[in-house]
Amino acid sequence: MKSMIKSLQILVITVLFANCSKDTGIQQIIVEQPNSFVLSINESSELRYAIKANDKIGINGAAYPVLYNSLVSLYDVPVKPQYLIYYPSDAEFSEDNKLKFTLPETQKYVNGGIDPAAYPLYSLTDNEGLDSMTMNPICGGLKLTIPANDQFSAITSVSITSETDVLAGIVQVNGENGQLEFVEEQASKKVTLDGEIDISEGQNLFIALPQVVFSDVLNVKFTTLKGMGTCTIDLTGKGIESGKVLAVELEDIDWLAKTDYYGKANSVIVAPGTTSVTVDCTPYYTTSLLYTYENHPNEDEGKLPRSAKMLWNDVSPDFVRDVALTADGKSFTAQLNGQPGNAVIAIYDKEDPDAADAKILWSFHLWVTETNDIPLGTNGKGNTYTVLDRNLGAVSAIAGDWRSIGMLYQWGRKDPFVSTGTVGQNSNATMYNRHGTVSLPVVAGGGTTGTIEYAIQNPTRFIRSSQTSSSTGSLPFRYAHDWLYYADDGLWGNPEGFTFPAFSTLRKSIYDPSPEGYMIAPADVWLKAISGNDKASSIFADAEWDATNLGYRMPYNDVEIWYTVGGWRSRSNGNLSNANSTGYYWSSTVSGAVNANAWYMSINGGGVTLNGANSRANSASIRPVKIAY
């Protein structure tokens, strides 16, 4: 940096009167500006953060870069008698020398610290004071100490609401005297802290607030991946001071696992020839951490669906001729043409399902088919299962019929995707809506798309994997190659995780895609021996591979059960693959404590594998098992 000292020359004219004669004197004052100054926060501030190199600060309405070691060059800064220095630099600076900071309603969680965007700094100084200039905080901090909780450990946001006190908005700094003033416009009585917050071992949170003396209690709400928590803080008479921290230890947090859902099953079996079917779509909620069906009626009128329509089917444009919601909004009736096949029906929050702002609340799979139950007897783990004679979505159980393949599912999601329309080919089965054919959309996973909420609102979209590497140092975990951004091992309800469950402990999940009375198979359904993961240890020990029709013919009590190859959809692009070689069958069982794998069975001409780990962003077939619940 070029070494120089800039100066501002001020001329002062002095008029002297003496003996009626006039003498004019001119006095010149030179104000010198330093080459640079170092940014630092006032030592009295109890909350601090570093302004990083290449970031920018504001000086008298213009933005200037911060160099290494918090140094700011004054080379390009015009010499002035006084400087209003501030951070962040995008604060609004007006011609009348006023500075406006917008304190955000939503702050970003910083582990052990404060969000810089919510904790602005300023300093009013002259040239002489630049050498010792320190930045003063506009806000103070509210420190919340949260006790340990391992069940609701994955917090995604904390909101604080007041009935009377302003918690966010615009603060104005007077550039002449440095005085602060809260502006009433855009004022908010709520502030939210967003982030990945682990409270499994307790946690301290810092929320930036403007200067305020509280006149009432604060309501605190924690949003978690499994529900929510609420409590109140009585700070009446206490206040927030600039640069100071008001500490509060939270007690008596009321934690509640609450998940909204619709109807009592996500798939409905309809007998072929049926021309009208009514489906329960009553709003319910569950308090189960494993999302099991509890069927608590949701009394919130805003949860009632307002309309319904078909999204797609695999038969023809007139397979579903009409869909109408009942007057009470708790069921819909679909008019069918009687043919076997599959359709997905969605319920919406608007009277017009085609409106631009209409949002899907839930979706249901109509499965028009015959089915038969096949009892498997007691397996090597001591569990007794009965399975359907066909894959979920299959309308045939005949070897060589492409319609015996059924639908494919991403692990943890409730909505189906088509497989092939021709045995042995990696080509999609045709999908139809009311107007003709439709395609299967594929979206990238991520923080926005890799969520349960997004999956529910977009049941037709295949979500690619959200992570390329795992992050399991603290909750919420993120798993490589899961479509879900934050991992959740409980989506399909297996209560004992990656062990073999006792049959009596099994509970169906609200995200399970099976019809009422059935659920996704646990990992031991296909076991015959106590141990082993090959064909000889499985119920396929006596099955014969059919190379022509691509599947296993499994004899059982004078009945032949057909397990067919159907391929899978890849986590990386959503394309169908291996439809000419392998069948993949999901279980509800996750595989390993901190990864995105789930147990599945694979079949091909080379044999059977029972415990391979399949990444959850892939899609595979499902063979439902019968269960009473």
# chains A, B, ... in the order shown; residues from 1 in each chain; ligands from 1
>>> residues_around(residues="region 369-386 of chain A", least_positions_apart="4", cutoff="7 Å", atoms="only C-alpha atoms", output="PyMOL selection string")
chain A and resi 269-272+340-341+395+502-503+525+527-530+625-626
>>> write_last_selection(atoms="N, CA and C atoms", output="short mmCIF file (atom, residue, chain, number, x, y, z; two decimals), in the first residue's frame")
data_model
loop_
_atom_site.label_atom_id
_atom_site.label_comp_id
_atom_site.auth_asym_id
_atom_site.auth_seq_id
_atom_site.Cartn_x
_atom_site.Cartn_y
_atom_site.Cartn_z
N ILE A 269 -56.45 -50.91 -1.67
CA ILE A 269 -56.71 -51.99 -2.62
C ILE A 269 -58.16 -51.91 -3.10
N VAL A 270 -58.32 -51.92 -4.42
CA VAL A 270 -59.65 -51.84 -5.03
C VAL A 270 -59.83 -53.07 -5.93
N ALA A 271 -60.95 -53.73 -5.80
CA ALA A 271 -61.21 -54.93 -6.61
C ALA A 271 -61.42 -54.55 -8.07
N PRO A 272 -60.82 -55.30 -9.01
CA PRO A 272 -61.08 -55.03 -10.44
C PRO A 272 -62.56 -55.07 -10.75
N PRO A 340 -57.75 -53.16 -14.03
CA PRO A 340 -56.65 -53.23 -13.06
C PRO A 340 -55.62 -52.15 -13.37
N GLY A 341 -54.97 -51.64 -12.34
CA GLY A 341 -53.94 -50.62 -12.56
C GLY A 341 -53.68 -49.82 -11.30
N VAL A 395 -50.31 -55.79 -10.59
CA VAL A 395 -51.69 -56.20 -10.84
C VAL A 395 -51.74 -57.60 -11.43
N ALA A 502 -38.85 -58.23 17.25
CA ALA A 502 -39.89 -59.20 17.61
C ALA A 502 -41.17 -58.77 16.92
N PHE A 503 -41.91 -59.74 16.40
CA PHE A 503 -43.11 -59.42 15.64
C PHE A 503 -44.07 -58.54 16.43
N VAL A 525 -37.99 -61.22 7.09
CA VAL A 525 -39.13 -61.88 6.46
C VAL A 525 -38.68 -63.04 5.58
N LEU A 527 -35.85 -64.76 5.82
CA LEU A 527 -34.93 -65.69 6.45
C LEU A 527 -35.60 -67.03 6.71
N LYS A 528 -34.82 -68.09 6.58
CA LYS A 528 -35.28 -69.42 6.94
C LYS A 528 -34.40 -69.98 8.05
N ALA A 529 -33.11 -69.90 7.86
CA ALA A 529 -32.17 -70.34 8.87
C ALA A 529 -31.94 -69.23 9.89
N ILE A 530 -31.30 -69.59 11.02
CA ILE A 530 -31.02 -68.60 12.07
C ILE A 530 -29.99 -67.60 11.58
N VAL A 625 -46.12 -57.23 4.13
CA VAL A 625 -46.46 -58.31 5.05
C VAL A 625 -47.72 -57.93 5.82
N LYS A 626 -48.48 -58.92 6.22
CA LYS A 626 -49.72 -58.68 6.93
C LYS A 626 -49.42 -58.39 8.40
#
>>> closest_atom_pairs(of="region 221-304 of chain A", to="region 139-161 of chain A", cutoff="8 Å", atoms="only C-alpha atoms", output="Markdown table")
| residue | atom | partner | partner_atom | distance |
| --- | --- | --- | --- | --- |
| A:Lys221 | CA | A:Ser159 | CA | 5.2 |
| A:Phe222 | CA | A:Val158 | CA | 4.6 |
| A:Thr223 | CA | A:Ser157 | CA | 5.2 |
| A:Thr224 | CA | A:Ile155 | CA | 4.3 |
| A:Leu225 | CA | A:Ala154 | CA | 6.1 |
| A:Lys226 | CA | A:Phe152 | CA | 6.4 |
| A:Gly227 | CA | A:Phe152 | CA | 7.6 |
| A:Met228 | CA | A:Phe152 | CA | 8.0 |
| A:Ile240 | CA | A:Gly140 | CA | 5.6 |
| A:Glu241 | CA | A:Gly140 | CA | 5.2 |
| A:Ser242 | CA | A:Gly140 | CA | 4.3 |
| A:Gly243 | CA | A:Gly140 | CA | 4.7 |
| A:Lys244 | CA | A:Gly140 | CA | 5.0 |
| A:Val245 | CA | A:Gly141 | CA | 4.6 |
| A:Leu246 | CA | A:Leu142 | CA | 5.0 |
| A:Ala247 | CA | A:Lys143 | CA | 4.5 |
| A:Val248 | CA | A:Leu144 | CA | 5.2 |
| A:Glu249 | CA | A:Thr145 | CA | 4.7 |
| A:Leu250 | CA | A:Ile146 | CA | 5.6 |
| A:Glu251 | CA | A:Pro147 | CA | 7.5 |
| A:Trp255 | CA | A:Phe152 | CA | 7.8 |
>>> write_last_selection(atoms="N, CA and C atoms", output="PDB file, in the first residue's frame")
ATOM      1  N   LYS A 221     -40.632 -21.283  21.265  1.00  0.00           N
ATOM      2  CA  LYS A 221     -41.028 -22.496  20.553  1.00  0.00           C
ATOM      3  C   LYS A 221     -39.821 -23.100  19.860  1.00  0.00           C
ATOM      4  N   PHE A 222     -39.602 -24.386  20.092  1.00  0.00           N
ATOM      5  CA  PHE A 222     -38.525 -25.133  19.442  1.00  0.00           C
ATOM      6  C   PHE A 222     -39.134 -26.014  18.361  1.00  0.00           C
ATOM      7  N   THR A 223     -38.609 -25.926  17.151  1.00  0.00           N
ATOM      8  CA  THR A 223     -39.040 -26.802  16.064  1.00  0.00           C
ATOM      9  C   THR A 223     -37.974 -27.867  15.854  1.00  0.00           C
ATOM     10  N   THR A 224     -38.384 -29.129  15.878  1.00  0.00           N
ATOM     11  CA  THR A 224     -37.441 -30.224  15.731  1.00  0.00           C
ATOM     12  C   THR A 224     -37.884 -31.127  14.595  1.00  0.00           C
ATOM     13  N   LEU A 225     -37.016 -32.066  14.231  1.00  0.00           N
ATOM     14  CA  LEU A 225     -37.360 -33.021  13.192  1.00  0.00           C
ATOM     15  C   LEU A 225     -38.420 -34.013  13.657  1.00  0.00           C
ATOM     16  N   LYS A 226     -38.668 -34.060  14.950  1.00  0.00           N
ATOM     17  CA  LYS A 226     -39.618 -35.012  15.506  1.00  0.00           C
ATOM     18  C   LYS A 226     -40.824 -34.342  16.163  1.00  0.00           C
ATOM     19  N   GLY A 227     -40.952 -33.048  16.084  1.00  0.00           N
ATOM     20  CA  GLY A 227     -42.069 -32.384  16.733  1.00  0.00           C
ATOM     21  C   GLY A 227     -41.698 -30.985  17.170  1.00  0.00           C
ATOM     22  N   MET A 228     -42.079 -30.621  18.391  1.00  0.00           N
ATOM     23  CA  MET A 228     -41.794 -29.273  18.866  1.00  0.00           C
ATOM     24  C   MET A 228     -41.732 -29.251  20.393  1.00  0.00           C
ATOM     25  N   ILE A 240     -32.597  -5.724  27.807  1.00  0.00           N
ATOM     26  CA  ILE A 240     -31.458  -5.999  26.932  1.00  0.00           C
ATOM     27  C   ILE A 240     -30.688  -4.702  26.747  1.00  0.00           C
ATOM     28  N   GLU A 241     -29.390  -4.732  27.026  1.00  0.00           N
ATOM     29  CA  GLU A 241     -28.519  -3.579  26.836  1.00  0.00           C
ATOM     30  C   GLU A 241     -27.536  -3.869  25.722  1.00  0.00           C
ATOM     31  N   SER A 242     -27.151  -2.835  24.989  1.00  0.00           N
ATOM     32  CA  SER A 242     -26.202  -3.006  23.888  1.00  0.00           C
ATOM     33  C   SER A 242     -24.905  -3.622  24.400  1.00  0.00           C
ATOM     34  N   GLY A 243     -24.495  -4.686  23.740  1.00  0.00           N
ATOM     35  CA  GLY A 243     -23.240  -5.334  24.082  1.00  0.00           C
ATOM     36  C   GLY A 243     -23.302  -6.243  25.283  1.00  0.00           C
ATOM     37  N   LYS A 244     -24.434  -6.320  25.966  1.00  0.00           N
ATOM     38  CA  LYS A 244     -24.554  -7.139  27.171  1.00  0.00           C
ATOM     39  C   LYS A 244     -25.387  -8.383  26.880  1.00  0.00           C
ATOM     40  N   VAL A 245     -25.217  -9.384  27.754  1.00  0.00           N
ATOM     41  CA  VAL A 245     -25.934 -10.640  27.601  1.00  0.00           C
ATOM     42  C   VAL A 245     -26.850 -10.850  28.801  1.00  0.00           C
ATOM     43  N   LEU A 246     -28.116 -11.132  28.517  1.00  0.00           N
ATOM     44  CA  LEU A 246     -29.070 -11.499  29.548  1.00  0.00           C
ATOM     45  C   LEU A 246     -29.234 -13.009  29.485  1.00  0.00           C
ATOM     46  N   ALA A 247     -28.791 -13.706  30.541  1.00  0.00           N
ATOM     47  CA  ALA A 247     -28.768 -15.170  30.544  1.00  0.00           C
ATOM     48  C   ALA A 247     -30.003 -15.735  31.223  1.00  0.00           C
ATOM     49  N   VAL A 248     -30.577 -16.775  30.600  1.00  0.00           N
ATOM     50  CA  VAL A 248     -31.766 -17.438  31.131  1.00  0.00           C
ATOM     51  C   VAL A 248     -31.575 -18.944  31.013  1.00  0.00           C
ATOM     52  N   GLU A 249     -31.776 -19.674  32.098  1.00  0.00           N
ATOM     53  CA  GLU A 249     -31.762 -21.133  32.064  1.00  0.00           C
ATOM     54  C   GLU A 249     -33.196 -21.625  31.891  1.00  0.00           C
ATOM     55  N   LEU A 250     -33.426 -22.338  30.811  1.00  0.00           N
ATOM     56  CA  LEU A 250     -34.779 -22.806  30.514  1.00  0.00           C
ATOM     57  C   LEU A 250     -35.102 -24.076  31.300  1.00  0.00           C
ATOM     58  N   GLU A 251     -36.282 -24.102  31.850  1.00  0.00           N
ATOM     59  CA  GLU A 251     -36.769 -25.267  32.573  1.00  0.00           C
ATOM     60  C   GLU A 251     -38.199 -25.557  32.137  1.00  0.00           C
ATOM     61  N   TRP A 255     -42.175 -30.790  25.643  1.00  0.00           N
ATOM     62  CA  TRP A 255     -41.822 -31.374  24.354  1.00  0.00           C
ATOM     63  C   TRP A 255     -42.982 -32.225  23.846  1.00  0.00           C
TER      64      TRP A 255
END
>>> residues_around(residues="Arg553 (chain A)", least_positions_apart="4", cutoff="7 Å", atoms="only C-alpha atoms", output="PyMOL selection string")
chain A and resi 543-546+560-563
>>> closest_residue(among="A:Leu506, A:Ala63, A:Leu304, A:Ile398", to="Ser588 (chain A)", atoms="only C-alpha atoms")
A:Leu506
>>> atom_distance(atom1="CA of Val213 (chain A)", atom2="CA of Ser188 (chain A)")
15.3 Å
>>> residues_around(residues="region 276-285 of chain A", least_positions_apart="3", cutoff="8 Å", atoms="only C-alpha atoms", output="PyMOL selection string")
chain A and resi 258-264+268+270+294-298+303-304+329-336
>>> select_by_dssp(residues="region 423-551 of chain A", states="helix (DSSP H, G or I)", output="list in words")
Ile452, Glu453, Tyr454, Ala455, Ile456, Gln457, Phe503, Ser504, Thr505, Lys535, Ala536 and Ser537 of chain A
>>> write_last_selection(atoms="N, CA, C and O atoms", output="short mmCIF file (atom, residue, chain, number, x, y, z; two decimals), in the first residue's frame")
data_model
loop_
_atom_site.label_atom_id
_atom_site.label_comp_id
_atom_site.auth_asym_id
_atom_site.auth_seq_id
_atom_site.Cartn_x
_atom_site.Cartn_y
_atom_site.Cartn_z
N ILE A 452 -39.07 -34.07 4.34
CA ILE A 452 -40.37 -34.75 4.34
C ILE A 452 -41.43 -33.83 3.76
O ILE A 452 -42.29 -34.26 2.97
N GLU A 453 -41.41 -32.56 4.15
CA GLU A 453 -42.40 -31.60 3.66
C GLU A 453 -42.39 -31.53 2.14
O GLU A 453 -43.44 -31.57 1.49
N TYR A 454 -41.19 -31.42 1.54
CA TYR A 454 -41.09 -31.34 0.08
C TYR A 454 -41.58 -32.64 -0.55
O TYR A 454 -42.30 -32.62 -1.57
N ALA A 455 -41.21 -33.79 0.02
CA ALA A 455 -41.62 -35.07 -0.54
C ALA A 455 -43.13 -35.22 -0.53
O ALA A 455 -43.73 -35.74 -1.47
N ILE A 456 -43.79 -34.74 0.54
CA ILE A 456 -45.25 -34.82 0.62
C ILE A 456 -45.90 -33.92 -0.42
O ILE A 456 -46.86 -34.31 -1.08
N GLN A 457 -45.36 -32.72 -0.59
CA GLN A 457 -45.94 -31.76 -1.52
C GLN A 457 -45.59 -32.07 -2.98
O GLN A 457 -46.22 -31.52 -3.89
N PHE A 503 -41.91 -59.74 16.40
CA PHE A 503 -43.11 -59.42 15.64
C PHE A 503 -44.07 -58.54 16.43
O PHE A 503 -44.71 -57.64 15.89
N SER A 504 -44.15 -58.76 17.74
CA SER A 504 -45.09 -58.02 18.58
C SER A 504 -44.75 -56.55 18.70
O SER A 504 -45.59 -55.74 19.09
N THR A 505 -43.51 -56.19 18.38
CA THR A 505 -43.10 -54.78 18.50
C THR A 505 -43.34 -53.99 17.22
O THR A 505 -43.18 -52.77 17.22
N LYS A 535 -28.98 -67.78 -0.58
CA LYS A 535 -30.20 -68.45 -1.02
C LYS A 535 -30.53 -69.65 -0.13
O LYS A 535 -31.68 -69.87 0.25
N ALA A 536 -29.51 -70.42 0.24
CA ALA A 536 -29.74 -71.62 1.04
C ALA A 536 -30.29 -71.30 2.42
O ALA A 536 -30.94 -72.15 3.04
N SER A 537 -30.03 -70.07 2.93
CA SER A 537 -30.49 -69.68 4.26
C SER A 537 -31.84 -69.00 4.21
O SER A 537 -32.35 -68.55 5.25
#
>>> select_by_dssp(residues="region 43-126 of chain A", states="strand (DSSP E)", output="PyMOL selection string")
chain A and resi 56-59+62-65+71-73+82-87+92-93+98-103+106-108+121-126
>>> write_last_selection(atoms="N, CA, C and O atoms", output="short mmCIF file (atom, residue, chain, number, x, y, z; two decimals), in the first residue's frame")
data_model
loop_
_atom_site.label_atom_id
_atom_site.label_comp_id
_atom_site.auth_asym_id
_atom_site.auth_seq_id
_atom_site.Cartn_x
_atom_site.Cartn_y
_atom_site.Cartn_z
N LYS A 56 -16.70 -6.58 3.73
CA LYS A 56 -16.72 -5.12 3.55
C LYS A 56 -17.39 -4.44 4.73
O LYS A 56 -18.30 -4.98 5.35
N ILE A 57 -16.88 -3.24 5.03
CA ILE A 57 -17.54 -2.40 6.03
C ILE A 57 -17.98 -1.12 5.33
O ILE A 57 -17.51 -0.78 4.23
N GLY A 58 -18.90 -0.41 5.97
CA GLY A 58 -19.37 0.85 5.42
C GLY A 58 -18.69 2.03 6.10
O GLY A 58 -18.45 2.02 7.32
N ILE A 59 -18.35 3.04 5.32
CA ILE A 59 -17.81 4.29 5.85
C ILE A 59 -18.49 5.44 5.12
O ILE A 59 -18.35 5.58 3.89
N ALA A 62 -20.32 4.46 1.80
CA ALA A 62 -19.64 3.65 0.79
C ALA A 62 -19.05 2.41 1.45
O ALA A 62 -18.76 2.41 2.65
N ALA A 63 -18.87 1.33 0.65
CA ALA A 63 -18.35 0.07 1.16
C ALA A 63 -16.87 -0.07 0.82
O ALA A 63 -16.45 0.24 -0.30
N TYR A 64 -16.10 -0.57 1.78
CA TYR A 64 -14.66 -0.74 1.60
C TYR A 64 -14.25 -2.12 2.11
O TYR A 64 -14.82 -2.62 3.10
N PRO A 65 -13.26 -2.75 1.46
CA PRO A 65 -12.87 -4.11 1.86
C PRO A 65 -12.05 -4.12 3.15
O PRO A 65 -11.32 -3.18 3.46
N LEU A 71 -7.44 -5.15 9.14
CA LEU A 71 -6.95 -3.82 8.73
C LEU A 71 -7.84 -3.25 7.64
O LEU A 71 -8.27 -3.96 6.72
N VAL A 72 -8.11 -1.94 7.74
CA VAL A 72 -8.91 -1.24 6.72
C VAL A 72 -8.07 -0.09 6.18
O VAL A 72 -7.64 0.79 6.95
N SER A 73 -7.83 -0.11 4.89
CA SER A 73 -7.07 0.97 4.26
C SER A 73 -7.97 2.19 4.04
O SER A 73 -9.13 2.05 3.68
N GLN A 82 -15.45 13.86 10.13
CA GLN A 82 -16.05 12.84 10.97
C GLN A 82 -16.44 11.64 10.11
O GLN A 82 -16.81 11.79 8.95
N TYR A 83 -16.36 10.45 10.71
CA TYR A 83 -16.64 9.21 9.97
C TYR A 83 -17.67 8.38 10.74
O TYR A 83 -17.53 8.15 11.94
N LEU A 84 -18.68 7.91 10.01
CA LEU A 84 -19.61 6.94 10.55
C LEU A 84 -19.25 5.60 9.92
O LEU A 84 -19.42 5.37 8.73
N ILE A 85 -18.69 4.72 10.74
CA ILE A 85 -18.19 3.42 10.29
C ILE A 85 -19.15 2.34 10.78
O ILE A 85 -19.57 2.38 11.95
N TYR A 86 -19.49 1.37 9.94
CA TYR A 86 -20.52 0.42 10.33
C TYR A 86 -20.35 -0.93 9.63
O TYR A 86 -19.70 -1.06 8.59
N TYR A 87 -20.95 -1.92 10.24
CA TYR A 87 -20.97 -3.29 9.71
C TYR A 87 -22.30 -3.93 10.13
O TYR A 87 -22.70 -3.77 11.28
N GLU A 92 -28.52 0.98 5.35
CA GLU A 92 -29.01 2.10 4.54
C GLU A 92 -28.47 3.43 5.07
O GLU A 92 -28.74 3.80 6.21
N PHE A 93 -27.70 4.14 4.24
CA PHE A 93 -27.12 5.43 4.63
C PHE A 93 -27.80 6.53 3.81
O PHE A 93 -27.80 6.50 2.58
N LYS A 98 -28.01 9.83 8.15
CA LYS A 98 -28.66 8.88 9.04
C LYS A 98 -28.36 7.46 8.52
O LYS A 98 -28.32 7.22 7.31
N LEU A 99 -28.18 6.56 9.46
CA LEU A 99 -27.86 5.18 9.12
C LEU A 99 -28.94 4.27 9.69
O LEU A 99 -29.28 4.34 10.86
N LYS A 100 -29.48 3.38 8.83
CA LYS A 100 -30.53 2.47 9.28
C LYS A 100 -30.06 1.02 9.19
O LYS A 100 -29.67 0.55 8.12
N PHE A 101 -30.10 0.33 10.32
CA PHE A 101 -29.83 -1.10 10.37
C PHE A 101 -31.16 -1.84 10.44
O PHE A 101 -32.01 -1.51 11.27
N THR A 102 -31.33 -2.84 9.60
CA THR A 102 -32.51 -3.69 9.68
C THR A 102 -32.14 -4.94 10.47
O THR A 102 -31.36 -5.78 10.00
N LEU A 103 -32.68 -5.06 11.67
CA LEU A 103 -32.44 -6.23 12.51
C LEU A 103 -33.36 -7.34 12.03
O LEU A 103 -34.58 -7.21 12.08
N THR A 106 -35.25 -13.32 11.22
CA THR A 106 -34.66 -14.66 11.22
C THR A 106 -33.15 -14.56 11.32
O THR A 106 -32.51 -13.92 10.48
N GLN A 107 -32.58 -15.17 12.35
CA GLN A 107 -31.15 -15.15 12.57
C GLN A 107 -30.56 -16.54 12.31
O GLN A 107 -31.27 -17.55 12.38
N LYS A 108 -29.27 -16.58 12.04
CA LYS A 108 -28.59 -17.83 11.78
C LYS A 108 -27.88 -18.31 13.04
O LYS A 108 -27.18 -17.54 13.70
N LEU A 121 -22.63 -3.41 14.04
CA LEU A 121 -21.66 -2.59 14.78
C LEU A 121 -21.57 -1.21 14.13
O LEU A 121 -21.77 -1.06 12.91
N TYR A 122 -21.19 -0.20 14.94
CA TYR A 122 -20.99 1.13 14.38
C TYR A 122 -20.01 1.91 15.25
O TYR A 122 -19.78 1.57 16.42
N SER A 123 -19.45 2.94 14.66
CA SER A 123 -18.59 3.86 15.40
C SER A 123 -18.64 5.23 14.74
O SER A 123 -18.62 5.33 13.51
N LEU A 124 -18.74 6.27 15.55
CA LEU A 124 -18.68 7.65 15.08
C LEU A 124 -17.40 8.26 15.62
O LEU A 124 -17.21 8.35 16.84
N THR A 125 -16.49 8.64 14.72
CA THR A 125 -15.19 9.11 15.16
C THR A 125 -14.65 10.15 14.20
O THR A 125 -15.16 10.33 13.08
N ASP A 126 -13.58 10.86 14.66
CA ASP A 126 -12.90 11.81 13.78
C ASP A 126 -11.56 11.22 13.38
O ASP A 126 -11.23 10.09 13.73
#
>>> residues_around(residues="Thr564 (chain A)", least_positions_apart="3", cutoff="8 Å", atoms="only C-alpha atoms", output="list in words")
Ala399, Ser404, Ile405, Asn549, Leu550, Gly551, Tyr552 and Gly583 of chain A
>>> closest_residue(among="A:Asp558, A:Glu201, A:Asp524, A:Asp194", to="Tyr109 (chain A)", atoms="only C-alpha atoms")
A:Asp194
>>> residues_around(residues="Leu366 (chain A)", least_positions_apart="4", cutoff="6 Å", atoms="only C-alpha atoms", output="ChimeraX atom specification")
/A:267-268,342-343
>>> residues_around(residues="region 111-113 of chain A", least_positions_apart="4", cutoff="9 Å", atoms="only C-alpha atoms", output="CSV table (one decimal) with N, CA, C and O atoms, in the first residue's frame")
chain,number,residue,atom,x,y,z
A,47,LEU,N,-20.4,-10.0,23.6
A,47,LEU,CA,-20.5,-10.8,22.4
A,47,LEU,C,-19.6,-10.3,21.4
A,47,LEU,O,-19.6,-9.1,21.1
A,48,ARG,N,-18.8,-11.2,20.7
A,48,ARG,CA,-17.9,-10.7,19.7
A,48,ARG,C,-17.9,-11.7,18.5
A,48,ARG,O,-18.3,-12.8,18.6
A,49,TYR,N,-17.4,-11.2,17.4
A,49,TYR,CA,-17.1,-12.0,16.3
A,49,TYR,C,-16.1,-11.3,15.4
A,49,TYR,O,-15.8,-10.1,15.6
A,197,ILE,N,-29.0,-27.4,15.4
A,197,ILE,CA,-28.8,-27.2,16.8
A,197,ILE,C,-28.9,-28.6,17.5
A,197,ILE,O,-30.0,-29.1,17.6
A,203,GLN,N,-27.3,-27.2,25.5
A,203,GLN,CA,-26.7,-26.2,24.6
A,203,GLN,C,-27.0,-24.8,25.0
A,203,GLN,O,-28.0,-24.5,25.7
A,204,ASN,N,-26.1,-23.9,24.7
A,204,ASN,CA,-26.3,-22.4,24.9
A,204,ASN,C,-26.6,-21.8,23.6
A,204,ASN,O,-25.8,-21.9,22.6
A,205,LEU,N,-27.7,-21.0,23.5
A,205,LEU,CA,-28.0,-20.3,22.3
A,205,LEU,C,-28.0,-18.8,22.5
A,205,LEU,O,-28.4,-18.4,23.6
A,206,PHE,N,-27.5,-18.1,21.6
A,206,PHE,CA,-27.4,-16.6,21.7
A,206,PHE,C,-28.3,-16.0,20.6
A,206,PHE,O,-28.1,-16.3,19.4
A,207,ILE,N,-29.3,-15.2,21.0
A,207,ILE,CA,-30.2,-14.5,20.1
A,207,ILE,C,-30.0,-13.0,20.2
A,207,ILE,O,-30.1,-12.5,21.4
>>> atom_distance(atom1="CA of Gln211 (chain A)", atom2="CA of Asn60 (chain A)")
24.2 Å
